[in-house]
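Below is one structure, written out as structure tokens, with a few remarks after it.
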Amino acid sequence: DGDAGAEAGPAATAMPDQASKVGGILCQSTIKGREFSVSIGIGLNVDNARPTTCLNALCLPARVTREAVLAAILARYEALHAEFERDGFAPRLQGLYERHWLHSGQRVRLEAEGGREAEVLGLSVAAGGALLARCAASGETLELLPDGNRFDFFSGLVSRRAAAP
């Protein structure tokens, strides 16, 4: 279906029980005028089975090398990046992203909005990829943009980043 290899992406870094996490992805984005930049960091545990598990423990009896994993990730990323550059966040890429998105339905507190609670809905293409949330009290749909805000999903908090000294 044109989606081969997607399992090597973010969703494959954790097994369904979440106790078998083998990696993570951290993305930081900035917008300056009409320029959007993103930095991506990926960590993947290939060989160290403690304290959680690793790819090689999950793939027994087969084994993978760090080089093979890195090559597969970069090849897939290169193809997705080329598609994004060509088509933007078109419906196919948005659907692929949303299938692997972990935060829909998560409840967060909006610090800049007096601590009101909201439920994360997903992303909005119309708003340039804004994070959409629904206010728990009013039902209002909110667009949360990467304007220096901090999304701390572990504590359920969306807050403004403190200004640099």
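Each chain of the structure tokens is named A, B, ... in the order shown, its residues numbered from 1; ligands are numbered from 1 in display order.
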I need the strand (DSSP E or B) residues of segment 3-126 of chain A per DSSP on the backbone, written as an mmCIF file with all heavy atoms, in the first residue's frame.
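Printed below is part_13.cif as written:
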```
data_model
loop_
_atom_site.group_PDB
_atom_site.id
_atom_site.type_symbol
_atom_site.label_atom_id
_atom_site.label_comp_id
_atom_site.auth_asym_id
_atom_site.auth_seq_id
_atom_site.Cartn_x
_atom_site.Cartn_y
_atom_site.Cartn_z
ATOM 1 N N GLY A 23 13.006 2.444 22.333
ATOM 2 C CA GLY A 23 13.540 3.669 21.784
ATOM 3 C C GLY A 23 12.585 4.825 21.897
ATOM 4 O O GLY A 23 11.507 4.699 22.468
ATOM 5 N N GLY A 24 13.013 5.936 21.356
ATOM 6 C CA GLY A 24 12.176 7.122 21.382
ATOM 7 C C GLY A 24 12.616 8.127 20.345
ATOM 8 O O GLY A 24 13.713 8.045 19.797
ATOM 9 N N ILE A 25 11.730 9.073 20.073
ATOM 10 C CA ILE A 25 11.989 10.128 19.115
ATOM 11 C C ILE A 25 11.639 11.450 19.777
ATOM 12 O O ILE A 25 10.599 11.572 20.428
ATOM 13 C CB ILE A 25 11.150 9.936 17.837
ATOM 14 C CG1 ILE A 25 11.534 8.636 17.143
ATOM 15 C CG2 ILE A 25 11.327 11.127 16.891
ATOM 16 C CD1 ILE A 25 10.675 8.305 15.948
ATOM 17 N N LEU A 26 12.513 12.424 19.613
ATOM 18 C CA LEU A 26 12.271 13.760 20.134
ATOM 19 C C LEU A 26 12.382 14.730 18.972
ATOM 20 O O LEU A 26 13.387 14.730 18.253
ATOM 21 C CB LEU A 26 13.297 14.114 21.212
ATOM 22 C CG LEU A 26 13.231 15.526 21.767
ATOM 23 C CD1 LEU A 26 11.913 15.735 22.518
ATOM 24 C CD2 LEU A 26 14.408 15.798 22.666
ATOM 25 N N CYS A 27 11.345 15.536 18.758
ATOM 26 C CA CYS A 27 11.358 16.543 17.701
ATOM 27 C C CYS A 27 11.154 17.910 18.334
ATOM 28 O O CYS A 27 10.306 18.076 19.204
ATOM 29 C CB CYS A 27 10.236 16.303 16.692
ATOM 30 S SG CYS A 27 10.372 14.744 15.823
ATOM 31 N N GLN A 28 11.943 18.872 17.890
ATOM 32 C CA GLN A 28 11.782 20.242 18.351
ATOM 33 C C GLN A 28 11.605 21.104 17.116
ATOM 34 O O GLN A 28 12.412 21.036 16.182
ATOM 35 C CB GLN A 28 12.995 20.700 19.145
ATOM 36 C CG GLN A 28 12.855 22.112 19.650
ATOM 37 C CD GLN A 28 14.041 22.537 20.487
ATOM 38 O OE1 GLN A 28 14.961 21.773 20.732
ATOM 39 N NE2 GLN A 28 14.013 23.778 20.924
ATOM 40 N N SER A 29 10.542 21.897 17.102
ATOM 41 C CA SER A 29 10.268 22.717 15.924
ATOM 42 C C SER A 29 10.277 24.192 16.296
ATOM 43 O O SER A 29 10.003 24.563 17.433
ATOM 44 C CB SER A 29 8.921 22.337 15.310
ATOM 45 O OG SER A 29 7.880 22.564 16.241
ATOM 46 N N THR A 30 10.591 25.017 15.313
ATOM 47 C CA THR A 30 10.551 26.461 15.476
ATOM 48 C C THR A 30 9.960 27.074 14.211
ATOM 49 O O THR A 30 10.109 26.538 13.117
ATOM 50 C CB THR A 30 11.953 27.066 15.709
ATOM 51 O OG1 THR A 30 12.791 26.719 14.614
ATOM 52 C CG2 THR A 30 12.565 26.571 17.000
ATOM 53 N N ILE A 31 9.289 28.194 14.400
ATOM 54 C CA ILE A 31 8.760 28.967 13.285
ATOM 55 C C ILE A 31 9.305 30.377 13.416
ATOM 56 O O ILE A 31 9.174 31.001 14.470
ATOM 57 C CB ILE A 31 7.211 29.004 13.300
ATOM 58 C CG1 ILE A 31 6.637 27.608 13.116
ATOM 59 C CG2 ILE A 31 6.704 29.952 12.221
ATOM 60 C CD1 ILE A 31 5.121 27.556 13.219
ATOM 61 N N LYS A 32 9.933 30.861 12.347
ATOM 62 C CA LYS A 32 10.403 32.247 12.284
ATOM 63 C C LYS A 32 9.880 32.816 10.977
ATOM 64 O O LYS A 32 10.353 32.450 9.903
ATOM 65 C CB LYS A 32 11.926 32.307 12.318
ATOM 66 C CG LYS A 32 12.509 31.923 13.651
ATOM 67 C CD LYS A 32 14.010 32.069 13.660
ATOM 68 C CE LYS A 32 14.540 31.622 15.013
ATOM 69 N NZ LYS A 32 15.995 31.680 15.077
ATOM 70 N N GLU A 35 9.473 30.601 7.819
ATOM 71 C CA GLU A 35 10.409 29.476 7.838
ATOM 72 C C GLU A 35 10.125 28.549 9.018
ATOM 73 O O GLU A 35 10.035 28.985 10.156
ATOM 74 C CB GLU A 35 11.840 29.995 7.940
ATOM 75 C CG GLU A 35 12.870 28.888 7.881
ATOM 76 C CD GLU A 35 14.285 29.438 7.916
ATOM 77 O OE1 GLU A 35 14.565 30.392 7.177
ATOM 78 O OE2 GLU A 35 15.089 28.903 8.687
ATOM 79 N N PHE A 36 9.972 27.287 8.699
ATOM 80 C CA PHE A 36 9.710 26.263 9.709
ATOM 81 C C PHE A 36 10.915 25.324 9.745
ATOM 82 O O PHE A 36 11.366 24.856 8.703
ATOM 83 C CB PHE A 36 8.443 25.473 9.341
ATOM 84 C CG PHE A 36 8.128 24.367 10.294
ATOM 85 C CD1 PHE A 36 7.502 24.628 11.489
ATOM 86 C CD2 PHE A 36 8.469 23.055 9.999
ATOM 87 C CE1 PHE A 36 7.199 23.614 12.379
ATOM 88 C CE2 PHE A 36 8.181 22.034 10.879
ATOM 89 C CZ PHE A 36 7.540 22.319 12.078
ATOM 90 N N SER A 37 11.445 25.085 10.923
ATOM 91 C CA SER A 37 12.586 24.172 11.082
ATOM 92 C C SER A 37 12.250 23.124 12.126
ATOM 93 O O SER A 37 11.535 23.404 13.085
ATOM 94 C CB SER A 37 13.829 24.937 11.546
ATOM 95 O OG SER A 37 14.195 25.913 10.609
ATOM 96 N N VAL A 38 12.787 21.937 11.925
ATOM 97 C CA VAL A 38 12.596 20.871 12.907
ATOM 98 C C VAL A 38 13.914 20.132 13.090
ATOM 99 O O VAL A 38 14.631 19.877 12.126
ATOM 100 C CB VAL A 38 11.449 19.901 12.498
ATOM 101 C CG1 VAL A 38 11.778 19.156 11.232
ATOM 102 C CG2 VAL A 38 11.122 18.943 13.617
ATOM 103 N N SER A 39 14.229 19.849 14.341
ATOM 104 C CA SER A 39 15.384 19.017 14.681
ATOM 105 C C SER A 39 14.840 17.702 15.210
ATOM 106 O O SER A 39 13.917 17.690 16.032
ATOM 107 C CB SER A 39 16.240 19.672 15.757
ATOM 108 O OG SER A 39 16.750 20.898 15.299
ATOM 109 N N ILE A 40 15.401 16.597 14.736
ATOM 110 C CA ILE A 40 14.898 15.283 15.098
ATOM 111 C C ILE A 40 16.009 14.485 15.770
ATOM 112 O O ILE A 40 17.109 14.383 15.236
ATOM 113 C CB ILE A 40 14.408 14.509 13.853
ATOM 114 C CG1 ILE A 40 13.330 15.314 13.124
ATOM 115 C CG2 ILE A 40 13.892 13.123 14.242
ATOM 116 C CD1 ILE A 40 12.977 14.755 11.771
ATOM 117 N N GLY A 41 15.715 13.935 16.936
ATOM 118 C CA GLY A 41 16.646 13.046 17.619
ATOM 119 C C GLY A 41 16.000 11.677 17.787
ATOM 120 O O GLY A 41 14.820 11.579 18.128
ATOM 121 N N ILE A 42 16.758 10.632 17.497
ATOM 122 C CA ILE A 42 16.241 9.273 17.586
ATOM 123 C C ILE A 42 17.181 8.449 18.455
ATOM 124 O O ILE A 42 18.393 8.470 18.252
ATOM 125 C CB ILE A 42 16.139 8.613 16.189
ATOM 126 C CG1 ILE A 42 15.216 9.411 15.273
ATOM 127 C CG2 ILE A 42 15.664 7.164 16.306
ATOM 128 C CD1 ILE A 42 15.225 8.940 13.838
ATOM 129 N N GLY A 43 16.625 7.741 19.401
ATOM 130 C CA GLY A 43 17.397 6.795 20.202
ATOM 131 C C GLY A 43 16.751 5.427 20.079
ATOM 132 O O GLY A 43 15.534 5.293 20.202
ATOM 133 N N LEU A 44 17.536 4.415 19.801
ATOM 134 C CA LEU A 44 17.004 3.072 19.621
ATOM 135 C C LEU A 44 17.946 2.072 20.265
ATOM 136 O O LEU A 44 19.140 2.067 19.982
ATOM 137 C CB LEU A 44 16.857 2.786 18.128
ATOM 138 C CG LEU A 44 16.036 1.570 17.732
ATOM 139 C CD1 LEU A 44 14.612 1.675 18.248
ATOM 140 C CD2 LEU A 44 16.014 1.445 16.216
ATOM 141 N N ARG A 107 -5.338 13.984 27.929
ATOM 142 C CA ARG A 107 -5.800 15.200 28.595
ATOM 143 C C ARG A 107 -4.589 16.004 29.047
ATOM 144 O O ARG A 107 -3.650 15.453 29.590
ATOM 145 C CB ARG A 107 -6.702 14.861 29.756
ATOM 146 C CG ARG A 107 -7.915 14.061 29.249
ATOM 147 C CD ARG A 107 -9.099 13.999 30.131
ATOM 148 N NE ARG A 107 -9.664 15.210 30.597
ATOM 149 C CZ ARG A 107 -10.649 15.881 29.974
ATOM 150 N NH1 ARG A 107 -11.111 15.453 28.826
ATOM 151 N NH2 ARG A 107 -11.166 16.956 30.516
ATOM 152 N N VAL A 108 -4.650 17.310 28.780
ATOM 153 C CA VAL A 108 -3.563 18.219 29.149
ATOM 154 C C VAL A 108 -4.139 19.443 29.845
ATOM 155 O O VAL A 108 -5.325 19.739 29.726
ATOM 156 C CB VAL A 108 -2.745 18.671 27.905
ATOM 157 C CG1 VAL A 108 -2.025 17.492 27.266
ATOM 158 C CG2 VAL A 108 -3.618 19.377 26.886
ATOM 159 N N ARG A 109 -3.285 20.124 30.618
ATOM 160 C CA ARG A 109 -3.649 21.397 31.237
ATOM 161 C C ARG A 109 -2.935 22.502 30.465
ATOM 162 O O ARG A 109 -1.750 22.400 30.186
ATOM 163 C CB ARG A 109 -3.208 21.453 32.703
ATOM 164 C CG ARG A 109 -4.093 20.675 33.638
ATOM 165 C CD ARG A 109 -3.671 20.801 35.099
ATOM 166 N NE ARG A 109 -2.311 20.303 35.297
ATOM 167 C CZ ARG A 109 -1.254 21.054 35.628
ATOM 168 N NH1 ARG A 109 -1.381 22.349 35.795
ATOM 169 N NH2 ARG A 109 -0.069 20.518 35.790
ATOM 170 N N LEU A 110 -3.660 23.567 30.131
ATOM 171 C CA LEU A 110 -3.102 24.682 29.384
ATOM 172 C C LEU A 110 -2.742 25.789 30.373
ATOM 173 O O LEU A 110 -3.606 26.555 30.802
ATOM 174 C CB LEU A 110 -4.100 25.182 28.341
ATOM 175 C CG LEU A 110 -4.631 24.111 27.384
ATOM 176 C CD1 LEU A 110 -5.723 24.677 26.502
ATOM 177 C CD2 LEU A 110 -3.496 23.527 26.565
ATOM 178 N N ARG A 116 -6.817 25.610 32.368
ATOM 179 C CA ARG A 116 -7.989 24.841 31.927
ATOM 180 C C ARG A 116 -7.538 23.567 31.215
ATOM 181 O O ARG A 116 -6.468 23.508 30.623
ATOM 182 C CB ARG A 116 -8.945 25.667 31.077
ATOM 183 C CG ARG A 116 -8.457 26.108 29.743
ATOM 184 C CD ARG A 116 -9.558 26.909 29.048
ATOM 185 N NE ARG A 116 -9.038 27.553 27.860
ATOM 186 C CZ ARG A 116 -9.781 27.967 26.863
ATOM 187 N NH1 ARG A 116 -11.083 27.820 26.918
ATOM 188 N NH2 ARG A 116 -9.237 28.539 25.815
ATOM 189 N N GLU A 117 -8.373 22.546 31.318
ATOM 190 C CA GLU A 117 -8.047 21.243 30.752
ATOM 191 C C GLU A 117 -8.556 21.132 29.330
ATOM 192 O O GLU A 117 -9.567 21.729 28.967
ATOM 193 C CB GLU A 117 -8.645 20.125 31.604
ATOM 194 C CG GLU A 117 -7.969 19.989 32.940
ATOM 195 C CD GLU A 117 -8.382 18.721 33.669
ATOM 196 O OE1 GLU A 117 -9.184 17.933 33.138
ATOM 197 O OE2 GLU A 117 -7.891 18.533 34.786
ATOM 198 N N ALA A 118 -7.826 20.341 28.537
ATOM 199 C CA ALA A 118 -8.205 20.097 27.152
ATOM 200 C C ALA A 118 -7.820 18.679 26.791
ATOM 201 O O ALA A 118 -6.972 18.068 27.437
ATOM 202 C CB ALA A 118 -7.519 21.095 26.223
ATOM 203 N N GLU A 119 -8.468 18.156 25.770
ATOM 204 C CA GLU A 119 -8.157 16.824 25.242
ATOM 205 C C GLU A 119 -7.494 16.984 23.886
ATOM 206 O O GLU A 119 -7.996 17.692 23.020
ATOM 207 C CB GLU A 119 -9.439 16.011 25.088
ATOM 208 C CG GLU A 119 -9.220 14.640 24.484
ATOM 209 C CD GLU A 119 -10.516 13.897 24.242
ATOM 210 O OE1 GLU A 119 -11.573 14.335 24.734
ATOM 211 O OE2 GLU A 119 -10.475 12.870 23.546
ATOM 212 N N VAL A 120 -6.332 16.338 23.703
ATOM 213 C CA VAL A 120 -5.623 16.413 22.435
ATOM 214 C C VAL A 120 -6.423 15.663 21.374
ATOM 215 O O VAL A 120 -6.818 14.517 21.582
ATOM 216 C CB VAL A 120 -4.200 15.825 22.558
ATOM 217 C CG1 VAL A 120 -3.503 15.785 21.207
ATOM 218 C CG2 VAL A 120 -3.379 16.624 23.568
ATOM 219 N N LEU A 121 -6.663 16.327 20.233
ATOM 220 C CA LEU A 121 -7.429 15.723 19.142
ATOM 221 C C LEU A 121 -6.527 15.189 18.043
ATOM 222 O O LEU A 121 -6.769 14.141 17.486
ATOM 223 C CB LEU A 121 -8.395 16.750 18.547
ATOM 224 C CG LEU A 121 -9.418 17.351 19.506
ATOM 225 C CD1 LEU A 121 -10.206 18.459 18.812
ATOM 226 C CD2 LEU A 121 -10.348 16.271 20.024
ATOM 227 N N GLY A 122 -5.503 15.927 17.695
ATOM 228 C CA GLY A 122 -4.628 15.542 16.593
ATOM 229 C C GLY A 122 -3.987 16.776 16.005
ATOM 230 O O GLY A 122 -3.765 17.757 16.699
ATOM 231 N N LEU A 123 -3.739 16.746 14.690
ATOM 232 C CA LEU A 123 -3.084 17.852 14.005
ATOM 233 C C LEU A 123 -4.012 18.482 12.993
ATOM 234 O O LEU A 123 -4.879 17.820 12.434
ATOM 235 C CB LEU A 123 -1.829 17.353 13.278
ATOM 236 C CG LEU A 123 -0.755 16.771 14.161
ATOM 237 C CD1 LEU A 123 0.356 16.172 13.309
ATOM 238 C CD2 LEU A 123 -0.203 17.816 15.090
ATOM 239 N N SER A 124 -3.798 19.763 12.723
ATOM 240 C CA SER A 124 -4.576 20.476 11.724
ATOM 241 C C SER A 124 -3.672 20.852 10.563
ATOM 242 O O SER A 124 -2.692 21.551 10.753
ATOM 243 C CB SER A 124 -5.168 21.749 12.332
ATOM 244 O OG SER A 124 -5.642 22.593 11.313
#
```
DSSP alpha helix (DSSP H) selection over segment 8-86 of chain A, as an MDAnalysis selection string: chainID A and resid 55:58 66:86
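Going from atom CA of Arg76 of chain A to atom CA of Ala49 of chain A covers 25.4 Å.
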